[in-house]
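A short write-up of the structure that comes next.
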Protein chains: 2
Amino acid sequence: MTDSRLPCLADIDAVVFDIGDTLVHAARPGTAVDSLTVDVRPQVLDDLRDLADRGVRLAAVTDTSVMHEADVRALLEPAGVSALLEVVVTSCDVGATKPDPLSLVTCLERLGVAPTRALYIGDRVIDRAAADAAGTHFAFIDDTVAHTIDRWEAAGPGTFAAAVAGWSPDARRAEGARADALARMDALAKPPGSLGRLEALAAQLAAIAGTCPPPLPSPAAVAVFAGDHGVHASGVTAWPQEITAAMVGMMAEGRATVNALASAVGASVLVVDVGVATPLPGLDHRSARRVRAGTRDLSVEPAMTLAETMAALDVGTAVANELIDDGARCLVTGEMGIANTTPAAALIAALTGRPPVEVAGRGAGADDATLARKTAAIEAGLQRHSSDDHPLEVLASLGGFEIAAMAGLVIGAVTRAVPVVIDGVIANAALLVAERLVPGVAARAIAGHRSAEPAATIAIEALGMHALLDLDMRLGEGTGAVLALPLLEAAVRALTDVATIADLQSG
Amino acid sequence: MTDSRLPCLADIDAVVFDIGDTLVHAARPGTAVDSLTVDVRPQVLDDLRDLADRGVRLAAVTDTSVMHEADVRALLEPAGVSALLEVVVTSCDVGATKPDPLSLVTCLERLGVAPTRALYIGDRVIDRAAADAAGTHFAFIDDTVAHTIDRWEAAGPGTFAAAVAGWSPDARRAEGARADALARMDALAKPPGSLGRLEALAAQLAAIAGTCPPPLPSPAAVAVFAGDHGVHASGVTAWPQEITAAMVGMMAEGRATVNALASAVGASVLVVDVGVATPLPGLDHRSARRVRAGTRDLSVEPAMTLAETMAALDVGTAVANELIDDGARCLVTGEMGIANTTPAAALIAALTGRPPVEVAGRGAGADDATLARKTAAIEAGLQRHSSDDHPLEVLASLGGFEIAAMAGLVIGAVTRAVPVVIDGVIANAALLVAERLVPGVAARAIAGHRSAEPAATIAIEALGMHALLDLDMRLGEGTGAVLALPLLEAAVRALTDVATIADLQSG
């Protein structure tokens with residue numbers, strides 16, 4: 001078995017489950033043990049029986065504040081779950097909570113199963129951390145156990161996780177290339193520093209590529225990720241949700257603004273449905289990658305599950321890989337999603353600690369009442385969060401699919417040393433997520449255009465970035481970033497095509 | 001005889017001269033009549049005799065505060081000039097000073113020569129105004145009378161004057177096209193106003209073209225005008241003057257920064273020697289258009305004569321015409337000229353009334369002592385000027401050749417309804433000159449990049465303009481403006497290639 005082969009159930013002897021929100025709907029925190037009732041998640045009994053029929057051994061590992069194995073089994077018994085689980089280990093049994101792997105390791109020892117032949121399924125990032133520490137396979141629970149295993153067999157750890165795992169940035173090489181570029185700029189037949197920000201841009205492109213001069217950032221490809229948002233139901237925008245699908249159709253036909261602007265600068269556009277609510281039967285396989293028909297309402301419940309979030313990240317990284325494999329030497333993040341300034345602002349607030357009133361902007365023309373509803377929705381979503389939350393869980397909770405995909409695209413580009421240009425507020429939120437997921441990514445991305453949305457400035461400043469253009473644009477779609485592309489090519493051509501002072505003196 | 005035929009001496013019965021600084025070096029203003037002495041300008045006697053030998057009748061018309069014809073003749077007699085002049089008319093004789101044409105008209109009546117068969121030669125804009133009012137031909141005095149007539153026969157009123165004379169801007173049509181473009185922008189499948197400054201840019205391009213949608217501003221051509229500056233001798237820069245010629249060579253070979261950046265955005269570059277001090281034998285006829293080998297030192301004397309100034313304006317307009325005839329649909333002003341931030345700052349100060357200390361910047365890296373010399377040079381040049389001066393005389397007095405040529409290019413582009421993108425502080429000075437020469441021109445030009453030089457901001461604000469880019473560049477050559485070109489194409493493509501809201505609703 002090679003690393004590149006996808007995993008399959010045939011290679012697995014045991015599936016170990018987290019319990020709360022994996023097998024059963026979790027009780028509210030603080031519920032007294034006496035009051036606990038079990039509400040089994042859909043299809044769990046059928047799916048577990050099916051696994052057992054296929055010869056897979058089943059177990060559970062859970063954190064609880066007071067219960068031992070017998071207590072948990074007693075609770076699960078009436079619903080028929082306990083009988084299906086060969087082993088149950090609780091944090092009370094072993095005296096350690098996740099991400100400590102002790103409960104999982106203990107479970108596998110009791111089963112007599114090697115970690116590499118076990119799959120742990122949970123609903124939290126700490127579950128994944130415990131699995132990583134124990135050396136087992138891992139999958140985030142999807143809507144059903146069966147779907148979880150199907151997706152795991154189809155994708156393994158996923159394109160996104162593979163890109164991150166395979167990335168080993170060489171800081172010395174990057175800084176060497178940056179210094180070479182700045183030295184070359186100083187040697188050109190022009191007053192030192194006279195190309196202003198173009199010089200720093202050239203140096204950054206050299207650092208991203210790890211070589212000076214860097215390759216021309218051409219051809220460039222714009223990936224426009226489209227998704228819808230359950231928070232639309234909370235009245236955060238006056239635009240009907242169907243506009244998202246209609247605009248995806250326009251983009252696929254090449255008739256949206258991003259197509260016109262990309263054409264003006266010689267870039268291609270790929271629109272990707274990663275979470276649109278309305279059916280879009282006409283899209284080809286490169287564009288039809290819907291994870292779910294829109295997110296849930298972030299003001300009411302988590303917008304996405306972690307499984308969905310990973311799937312959307314995977315779409316973004318996979319699109320980056322495909323575009324680069326097809327010859328793109330620069331990527332641009334674009335998006336389309338009615339209501340998506342709401343999750344973007346909520347993410348930026350959650351990840352920077354700024355209050356909702358500072359991040360909420362008027363997006364595509366919100367009036368005062370709409371802005372108030374938007375602010376309230378962000379406020380409600382943020383109440384699920386503290387600054388301790390893992391950024392992946394923040395992303396899942398506040399959404400949306402296109403934002404996760406953009407983060408995946410950015411990380412895909414950075415891990416392949418290809419420059420990626422970031423558009424407005426939605427992309428800024430995605431970049432902030434990407435940086436928190438994979439520190440060091442933002443310094444290797446380029447802010448194309450300053451968005452007028454207040455949250456955009458907060459995100460960009462939190463990342464220490466400075467956008468190249470400031471044209472008061474607020475359309476999204478990637479349009480602002482597209483217009484910055486000629487600056488990248490000009491910066492590289494200044495490094496490669498211009499004579500030096502030495503040439504001038506000898507000429 | 002058609003309007004397009006160049007004039008020639010065979011069509012002329014009389015040449016009438018202004019006297020002070022045309023035939024003789026002018027006395028300082030306020031010199032007592034008794035103290036006046038005559039210092040005849042080079043070759044005047046030979047050239048006048050030659051004209052007489054060719055059958056041309058000669059006369060003079062001059063403004064003086066106290067002298068009548070006999071007084072002037074008595075003064076000119078010893079030098080041998082009076083005997084060559086058939087008629088002399090002074091302002092005292094007729095009771096009216098130029099630009100009133102009465103003295104010129106009286107002179108022609110006495111000669112019995114029709115205005116259309118007379119050429120008036122003078123050294124001031126009021127001379128030209130009097131000639132225009134009288135209906136005679138006119139030429140500014142060159143270094144000699146013979147050269148003046150040679151140039152007049154070769155160029156007639158000149159390419160610049162012809163462009164201005166033939167321009168009749170249709171404000172209603174321009175504003176109609178602008179309104180159509182803004183209405184179209186509002187109808188596109190995007191939130192109103194969401195393309196920010198790109199929408200105003202598209203509307204301006206429509207107004208410039210007088211039609212909506214405007215033609216694509218492509219291909220674009222950069223004209224880099226090169227000149228040297230006598231003020232270099234006053235220590236206003238640390239860079240040697242020879243750099244100008246060396247950089248012109250680099251540009252002709254395609255190895256300067258402007259070539260690299262133009263290549264990145266698909267524009268062509270033409271470098272034009274309009275006043276370089278160092279010989280440049282290798283340039284082809286499109287590039288070799290030197291009016292003089294550098295200007296005089298503006299801190300000591302007028303940098304250029306009006307004849308030289310007109311010649312440089314003609315070069316600029318002629319280059320605009322040729323580039324447009326060759327297919328360019330957008331022009332960019334570029335320049336190369338060691339020390340040229342000094343005349344640029346001086347011009348901006350003279351035309352806006354701002355003091356030298358506010359306009360003088362560090363250009364290509366001036367230190368404190370250099371900056372002080374630069375400020376003093378500007379101060380000295382400005383002492384020749386008052387706010388009443390004609391802008392053409394301000395341009396001539398402060399220089400330089402490349403600035404005049406840039407003004408000519410801008411006016412050439414505007415009068416042919418082709419967009420022209422303005423670069424940094426030198427181009428800003430040229431645009432300010434162009435606007436004062438031909439009001440309405442600046443509103444039809446586009447500021448590409450905000451220069452860091454203080455005078456640039458003063459000029460741009462005086463013109464009510466707002467640059468598209470702000471990348472802290474201060475190289476010149478047209479490099480800042482070149483980078484704005486993709487924005488122009490993007491603005492037009494947004495108008496022409498994007499679906500409307502109506503398309504979206506029916507789609």
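Numbering starts fresh at 1 for the residues of each chain in the structure tokens, the chains themselves are lettered A, B, ... in the order given, and ligands are numbered from 1 as they appear.
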
Counting only C-alpha atoms, a student should be able to say which residues of chain B come within 8 Å of chain A; what is the right answer, written as a CSV table (one decimal) with N, CA and C atoms, in the first residue's frame?
```csv
chain,number,residue,atom,x,y,z
B,189,ALA,N,-25.6,43.5,-14.6
B,189,ALA,CA,-26.0,42.5,-13.6
B,189,ALA,C,-25.0,42.5,-12.5
B,190,LYS,N,-25.1,43.6,-11.7
B,190,LYS,CA,-24.2,43.8,-10.5
B,190,LYS,C,-24.9,44.9,-9.7
B,191,PRO,N,-24.5,45.0,-8.4
B,191,PRO,CA,-25.1,46.1,-7.6
B,191,PRO,C,-24.7,47.5,-8.1
B,194,SER,N,-21.1,49.3,-7.9
B,194,SER,CA,-20.2,48.4,-7.2
B,194,SER,C,-18.8,48.3,-8.0
B,195,LEU,N,-18.7,48.9,-9.1
B,195,LEU,CA,-17.4,48.9,-9.8
B,195,LEU,C,-16.6,50.2,-9.4
B,196,GLY,N,-17.2,51.0,-8.6
B,196,GLY,CA,-16.5,52.1,-8.0
B,196,GLY,C,-15.9,53.0,-9.1
B,197,ARG,N,-14.6,53.3,-9.0
B,197,ARG,CA,-14.0,54.3,-9.9
B,197,ARG,C,-13.9,53.8,-11.3
B,198,LEU,N,-14.1,52.5,-11.5
B,198,LEU,CA,-14.1,52.0,-12.9
B,198,LEU,C,-15.3,52.5,-13.6
B,246,ALA,N,21.9,58.4,-22.4
B,246,ALA,CA,22.1,57.0,-22.2
B,246,ALA,C,20.8,56.3,-22.1
B,247,MET,N,19.9,56.9,-21.3
B,247,MET,CA,18.6,56.3,-21.1
B,247,MET,C,17.7,56.3,-22.4
B,250,MET,N,18.9,53.3,-24.2
B,250,MET,CA,18.3,52.1,-23.6
B,250,MET,C,16.8,52.0,-24.0
B,255,ARG,N,15.2,48.4,-23.5
B,255,ARG,CA,15.8,47.8,-22.3
B,255,ARG,C,15.5,48.7,-21.0
B,256,ALA,N,14.7,49.7,-21.2
B,256,ALA,CA,14.5,50.6,-20.0
B,256,ALA,C,13.2,50.0,-19.3
B,257,THR,N,13.0,50.6,-18.1
B,257,THR,CA,11.9,50.1,-17.3
B,257,THR,C,10.5,50.3,-18.0
B,259,ASN,N,9.9,50.2,-21.1
B,259,ASN,CA,9.7,49.1,-22.1
B,259,ASN,C,9.2,47.9,-21.5
B,260,ALA,N,9.8,47.5,-20.3
B,260,ALA,CA,9.4,46.3,-19.6
B,260,ALA,C,8.0,46.3,-19.2
B,261,LEU,N,7.6,47.5,-18.6
B,261,LEU,CA,6.3,47.6,-18.1
B,261,LEU,C,5.3,47.7,-19.2
B,264,ALA,N,4.6,44.4,-20.5
B,264,ALA,CA,3.7,43.6,-19.6
B,264,ALA,C,2.2,43.9,-19.9
B,265,VAL,N,1.9,45.1,-20.3
B,265,VAL,CA,0.5,45.5,-20.6
B,265,VAL,C,0.2,45.6,-22.0
B,364,ALA,N,14.6,62.5,-8.1
B,364,ALA,CA,15.3,61.2,-8.1
B,364,ALA,C,16.3,61.1,-7.0
B,365,GLY,N,15.9,61.6,-5.7
B,365,GLY,CA,16.8,61.4,-4.6
B,365,GLY,C,17.7,62.5,-4.2
B,468,LEU,N,-5.6,57.2,-10.8
B,468,LEU,CA,-6.1,55.8,-10.6
B,468,LEU,C,-5.2,55.0,-9.7
B,469,LEU,N,-3.9,55.1,-9.8
B,469,LEU,CA,-3.0,54.2,-9.1
B,469,LEU,C,-2.2,55.0,-8.1
B,470,ASP,N,-1.8,54.4,-7.0
B,470,ASP,CA,-1.0,55.0,-6.0
B,470,ASP,C,0.0,54.0,-5.5
B,471,LEU,N,1.1,53.8,-6.2
B,471,LEU,CA,2.0,52.7,-5.9
B,471,LEU,C,3.4,53.3,-5.4
B,472,ASP,N,3.4,54.5,-5.0
B,472,ASP,CA,4.6,55.1,-4.5
B,472,ASP,C,5.7,55.1,-5.5
B,473,MET,N,5.4,55.1,-6.8
B,473,MET,CA,6.4,55.1,-7.8
B,473,MET,C,6.9,56.5,-8.1
B,474,ARG,N,8.1,56.7,-8.4
B,474,ARG,CA,8.6,58.0,-8.7
B,474,ARG,C,9.8,58.0,-9.8
B,475,LEU,N,9.6,57.1,-10.7
B,475,LEU,CA,10.6,56.9,-11.8
B,475,LEU,C,10.4,57.8,-13.0
B,483,LEU,N,1.0,51.4,-16.1
B,483,LEU,CA,0.3,50.4,-15.3
B,483,LEU,C,-1.2,50.7,-15.2
B,486,PRO,N,-4.4,48.8,-18.2
B,486,PRO,CA,-5.4,47.7,-18.1
B,486,PRO,C,-6.7,48.1,-17.5
B,487,LEU,N,-6.7,49.1,-16.6
B,487,LEU,CA,-7.9,49.6,-16.0
B,487,LEU,C,-8.8,50.3,-17.1
B,489,GLU,N,-8.9,49.5,-20.3
B,489,GLU,CA,-9.5,48.4,-21.1
B,489,GLU,C,-10.6,47.7,-20.3
B,490,ALA,N,-10.3,47.5,-19.0
B,490,ALA,CA,-11.3,46.8,-18.2
B,490,ALA,C,-12.6,47.6,-18.1
B,491,ALA,N,-12.5,48.9,-17.9
B,491,ALA,CA,-13.6,49.8,-17.8
B,491,ALA,C,-14.5,49.7,-19.1
B,493,ARG,N,-14.5,47.2,-21.3
B,493,ARG,CA,-15.0,45.8,-21.4
B,493,ARG,C,-16.2,45.6,-20.5
B,494,ALA,N,-16.2,46.3,-19.3
B,494,ALA,CA,-17.4,46.2,-18.4
B,494,ALA,C,-18.6,46.7,-19.2
B,497,ASP,N,-19.1,44.0,-22.5
B,497,ASP,CA,-19.1,42.5,-22.5
B,497,ASP,C,-20.0,41.9,-21.4
B,498,VAL,N,-20.6,42.8,-20.5
B,498,VAL,CA,-21.3,42.2,-19.3
B,498,VAL,C,-22.8,42.2,-19.5
B,499,ALA,N,-23.4,41.2,-19.1
B,499,ALA,CA,-24.9,41.1,-19.2
B,499,ALA,C,-25.6,42.1,-18.3
B,504,LEU,N,-30.3,38.8,-16.9
B,504,LEU,CA,-30.3,37.9,-15.8
B,504,LEU,C,-31.7,37.4,-15.4
B,507,GLY,N,-32.8,35.0,-18.1
B,507,GLY,CA,-31.9,33.9,-18.4
B,507,GLY,C,-32.3,32.6,-17.6
```

Spatial neighbours of Ala318 of chain A, 8 Å, only C-alpha atoms, chain gap at least 2 places, as an NGL selection string:
:A and (159-160 or 314-316 or 320-322 or 409 or 412)

Which is closest to Pro29 of chain A among A:Thr116, A:Ser65, A:Pro302, A:Arg73, if we use only C-alpha atoms?
A:Ser65

Can you tell me, as a VMD selection string, which residues in segment 116-328 of chain A count as strand (DSSP E or B) by DSSP?
chain A and resid 118 to 122 137 to 140 188 220 to 227 268 to 275 288

With N, CA, C and O atoms kept, could you save the residues just selected as a CSV table (one decimal), in the first residue's frame?
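Result file follows (again22.csv):
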```
chain,number,residue,atom,x,y,z
A,118,ALA,N,-7.4,1.2,12.3
A,118,ALA,CA,-8.6,1.7,12.9
A,118,ALA,C,-8.9,3.0,12.3
A,118,ALA,O,-8.1,3.8,11.9
A,119,LEU,N,-10.3,3.3,12.2
A,119,LEU,CA,-10.8,4.6,11.8
A,119,LEU,C,-11.6,5.2,12.9
A,119,LEU,O,-12.5,4.6,13.5
A,120,TYR,N,-11.2,6.4,13.3
A,120,TYR,CA,-11.9,7.1,14.4
A,120,TYR,C,-12.8,8.1,13.7
A,120,TYR,O,-12.3,8.9,12.8
A,121,ILE,N,-14.1,8.2,14.1
A,121,ILE,CA,-15.0,9.1,13.6
A,121,ILE,C,-15.5,10.0,14.7
A,121,ILE,O,-16.0,9.5,15.7
A,122,GLY,N,-15.4,11.3,14.5
A,122,GLY,CA,-15.8,12.3,15.5
A,122,GLY,C,-16.4,13.5,14.9
A,122,GLY,O,-16.4,13.7,13.7
A,137,HIS,N,-6.6,6.4,11.5
A,137,HIS,CA,-7.2,7.1,10.5
A,137,HIS,C,-8.3,8.0,11.2
A,137,HIS,O,-8.7,7.7,12.3
A,138,PHE,N,-8.8,9.0,10.5
A,138,PHE,CA,-9.8,9.8,11.1
A,138,PHE,C,-10.8,10.4,10.0
A,138,PHE,O,-10.4,10.7,8.9
A,139,ALA,N,-12.1,10.5,10.4
A,139,ALA,CA,-13.0,11.2,9.5
A,139,ALA,C,-14.0,12.0,10.4
A,139,ALA,O,-14.4,11.5,11.5
A,140,PHE,N,-14.3,13.2,9.9
A,140,PHE,CA,-15.4,14.0,10.6
A,140,PHE,C,-16.7,13.4,10.2
A,140,PHE,O,-16.9,13.0,9.1
A,188,LEU,N,19.2,48.1,-11.1
A,188,LEU,CA,18.6,48.4,-12.4
A,188,LEU,C,18.9,49.9,-12.7
A,188,LEU,O,19.2,50.7,-11.9
A,220,ALA,N,-2.8,33.6,-15.8
A,220,ALA,CA,-3.5,33.6,-14.5
A,220,ALA,C,-4.9,33.0,-14.7
A,220,ALA,O,-5.5,33.1,-15.7
A,221,ALA,N,-5.4,32.4,-13.6
A,221,ALA,CA,-6.7,31.8,-13.6
A,221,ALA,C,-7.5,32.3,-12.4
A,221,ALA,O,-7.0,32.3,-11.3
A,222,VAL,N,-8.7,32.7,-12.6
A,222,VAL,CA,-9.6,33.1,-11.5
A,222,VAL,C,-10.5,32.0,-11.2
A,222,VAL,O,-11.2,31.4,-12.1
A,223,ALA,N,-10.6,31.6,-9.9
A,223,ALA,CA,-11.5,30.6,-9.5
A,223,ALA,C,-12.6,31.3,-8.7
A,223,ALA,O,-12.3,31.9,-7.6
A,224,VAL,N,-13.8,31.3,-9.2
A,224,VAL,CA,-15.0,31.9,-8.6
A,224,VAL,C,-15.8,30.8,-7.9
A,224,VAL,O,-16.4,30.0,-8.5
A,225,PHE,N,-15.8,30.8,-6.5
A,225,PHE,CA,-16.5,29.8,-5.8
A,225,PHE,C,-17.9,30.4,-5.4
A,225,PHE,O,-17.9,31.5,-4.9
A,226,ALA,N,-18.9,29.7,-5.6
A,226,ALA,CA,-20.3,30.2,-5.4
A,226,ALA,C,-21.0,29.3,-4.3
A,226,ALA,O,-20.8,28.1,-4.3
A,227,GLY,N,-21.6,30.0,-3.4
A,227,GLY,CA,-22.4,29.3,-2.4
A,227,GLY,C,-23.5,30.2,-1.8
A,227,GLY,O,-23.5,31.4,-2.0
A,268,SER,N,-8.1,33.6,-17.3
A,268,SER,CA,-9.3,32.8,-17.5
A,268,SER,C,-10.1,32.7,-16.2
A,268,SER,O,-9.7,33.1,-15.2
A,269,VAL,N,-11.4,32.3,-16.4
A,269,VAL,CA,-12.3,32.2,-15.2
A,269,VAL,C,-12.9,30.9,-15.1
A,269,VAL,O,-13.4,30.3,-16.1
A,270,LEU,N,-12.8,30.3,-14.0
A,270,LEU,CA,-13.6,29.0,-13.7
A,270,LEU,C,-14.5,29.3,-12.5
A,270,LEU,O,-14.1,29.7,-11.5
A,271,VAL,N,-15.8,29.1,-12.8
A,271,VAL,CA,-16.8,29.2,-11.7
A,271,VAL,C,-17.1,27.8,-11.2
A,271,VAL,O,-17.2,26.9,-11.9
A,272,VAL,N,-17.2,27.7,-9.8
A,272,VAL,CA,-17.3,26.5,-9.2
A,272,VAL,C,-18.5,26.6,-8.2
A,272,VAL,O,-18.5,27.4,-7.2
A,273,ASP,N,-19.5,25.8,-8.4
A,273,ASP,CA,-20.6,25.7,-7.4
A,273,ASP,C,-20.2,24.8,-6.3
A,273,ASP,O,-20.1,23.6,-6.5
A,274,VAL,N,-19.9,25.4,-5.1
A,274,VAL,CA,-19.5,24.6,-4.0
A,274,VAL,C,-20.6,24.5,-2.9
A,274,VAL,O,-20.5,23.7,-2.0
A,275,GLY,N,-21.7,25.3,-3.2
A,275,GLY,CA,-22.7,25.3,-2.2
A,275,GLY,C,-23.9,26.1,-2.5
A,275,GLY,O,-24.5,26.8,-1.6
A,288,ALA,N,-19.3,21.7,-11.2
A,288,ALA,CA,-20.3,21.1,-10.4
A,288,ALA,C,-19.7,20.4,-9.2
A,288,ALA,O,-19.3,19.2,-9.3
```

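Here atom CA of Ala339 of chain A stands at a distance of 20.5 Å from atom CA of Asp186 of chain B.
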
Can you tell me which residues surround Pro7 of chain A at a distance of at most 9 Å, considering only C-alpha atoms, apart from same-chain residues fewer than 3 positions away, and format the answer as a PyMOL selection string?
chain A and resi 10-12+137+152-157

I need the residues in segment 92-237 of chain A that are alpha helix (DSSP H) according to DSSP; give them as a ChimeraX atom specification.
/A:92-94,102-111,125-134,145-155,159-165,171-187,197-209

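The shell of residues at most 9 Å from Arg444 of chain B, with only C-alpha atoms counted and near chain neighbours (fewer than 3 positions) removed, consists of B:Gln204, B:Leu205, B:Ala207, B:Ile208, B:Val414, B:Ala417, B:Val418, B:Pro419, B:Val420, B:Gly440, B:Val441.
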
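When only C-alpha atoms are used to measure the gap to Ile411 of chain B, the shortest distance among B:Ala129, B:Leu371, B:Ala267, B:Ala443 belongs to B:Ala443.
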
Need the shell around Leu306 of chain B: protein/DNA/RNA residues with any atom at most 9 Å away, counting only C-alpha atoms. Skip same-chain ones fewer than 6 positions apart. Format as an mmCIF file with N, CA, C and O atoms, in the first residue's frame?
```
data_model
loop_
_atom_site.group_PDB
_atom_site.id
_atom_site.type_symbol
_atom_site.label_atom_id
_atom_site.label_comp_id
_atom_site.auth_asym_id
_atom_site.auth_seq_id
_atom_site.Cartn_x
_atom_site.Cartn_y
_atom_site.Cartn_z
ATOM 1 N N ASP B 123 8.138 88.358 -31.015
ATOM 2 C CA ASP B 123 8.718 87.486 -29.989
ATOM 3 C C ASP B 123 7.778 87.274 -28.818
ATOM 4 O O ASP B 123 8.175 86.647 -27.837
ATOM 5 N N ARG B 124 6.547 87.810 -28.897
ATOM 6 C CA ARG B 124 5.641 87.693 -27.756
ATOM 7 C C ARG B 124 4.289 87.155 -28.223
ATOM 8 O O ARG B 124 3.915 87.299 -29.390
ATOM 9 N N VAL B 125 3.541 86.616 -27.258
ATOM 10 C CA VAL B 125 2.212 86.121 -27.587
ATOM 11 C C VAL B 125 1.299 87.267 -28.009
ATOM 12 O O VAL B 125 0.419 87.085 -28.855
ATOM 13 N N PHE B 140 6.852 83.218 -34.673
ATOM 14 C CA PHE B 140 7.719 83.667 -33.580
ATOM 15 C C PHE B 140 9.153 83.713 -34.072
ATOM 16 O O PHE B 140 9.602 82.813 -34.796
ATOM 17 N N ILE B 141 9.894 84.760 -33.687
ATOM 18 C CA ILE B 141 11.282 84.885 -34.106
ATOM 19 C C ILE B 141 12.102 83.708 -33.565
ATOM 20 O O ILE B 141 11.972 83.324 -32.411
ATOM 21 N N ASP B 142 12.899 83.139 -34.442
ATOM 22 C CA ASP B 142 13.791 82.037 -34.075
ATOM 23 C C ASP B 142 15.175 82.645 -33.788
ATOM 24 O O ASP B 142 15.291 83.859 -33.601
ATOM 25 N N LEU B 392 1.918 80.232 -22.562
ATOM 26 C CA LEU B 392 2.941 79.856 -23.538
ATOM 27 C C LEU B 392 4.275 80.498 -23.173
ATOM 28 O O LEU B 392 5.342 79.877 -23.310
ATOM 29 N N GLU B 393 4.214 81.724 -22.678
ATOM 30 C CA GLU B 393 5.450 82.404 -22.288
ATOM 31 C C GLU B 393 6.002 81.824 -20.980
ATOM 32 O O GLU B 393 7.226 81.748 -20.798
ATOM 33 N N LEU B 395 5.674 78.660 -20.149
ATOM 34 C CA LEU B 395 6.271 77.392 -20.603
ATOM 35 C C LEU B 395 7.637 77.644 -21.234
ATOM 36 O O LEU B 395 8.614 76.960 -20.915
ATOM 37 N N ALA B 396 7.722 78.640 -22.105
ATOM 38 C CA ALA B 396 8.996 78.935 -22.770
ATOM 39 C C ALA B 396 10.049 79.337 -21.744
ATOM 40 O O ALA B 396 11.195 78.865 -21.775
ATOM 41 N N SER B 397 9.667 80.152 -20.830
ATOM 42 C CA SER B 397 10.622 80.715 -19.886
ATOM 43 C C SER B 397 11.176 79.665 -18.926
ATOM 44 O O SER B 397 12.361 79.681 -18.579
#
```

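If only C-alpha atoms are the atoms counted, then among A:Ala179, A:Arg49, A:Gly282, A:Ile19 the closest residue to Ala200 of chain A is A:Ala179.
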
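Pairwise distance (atom CA of Ala502 of chain A, atom CA of Pro279 of chain B) equals 20.9 Å.
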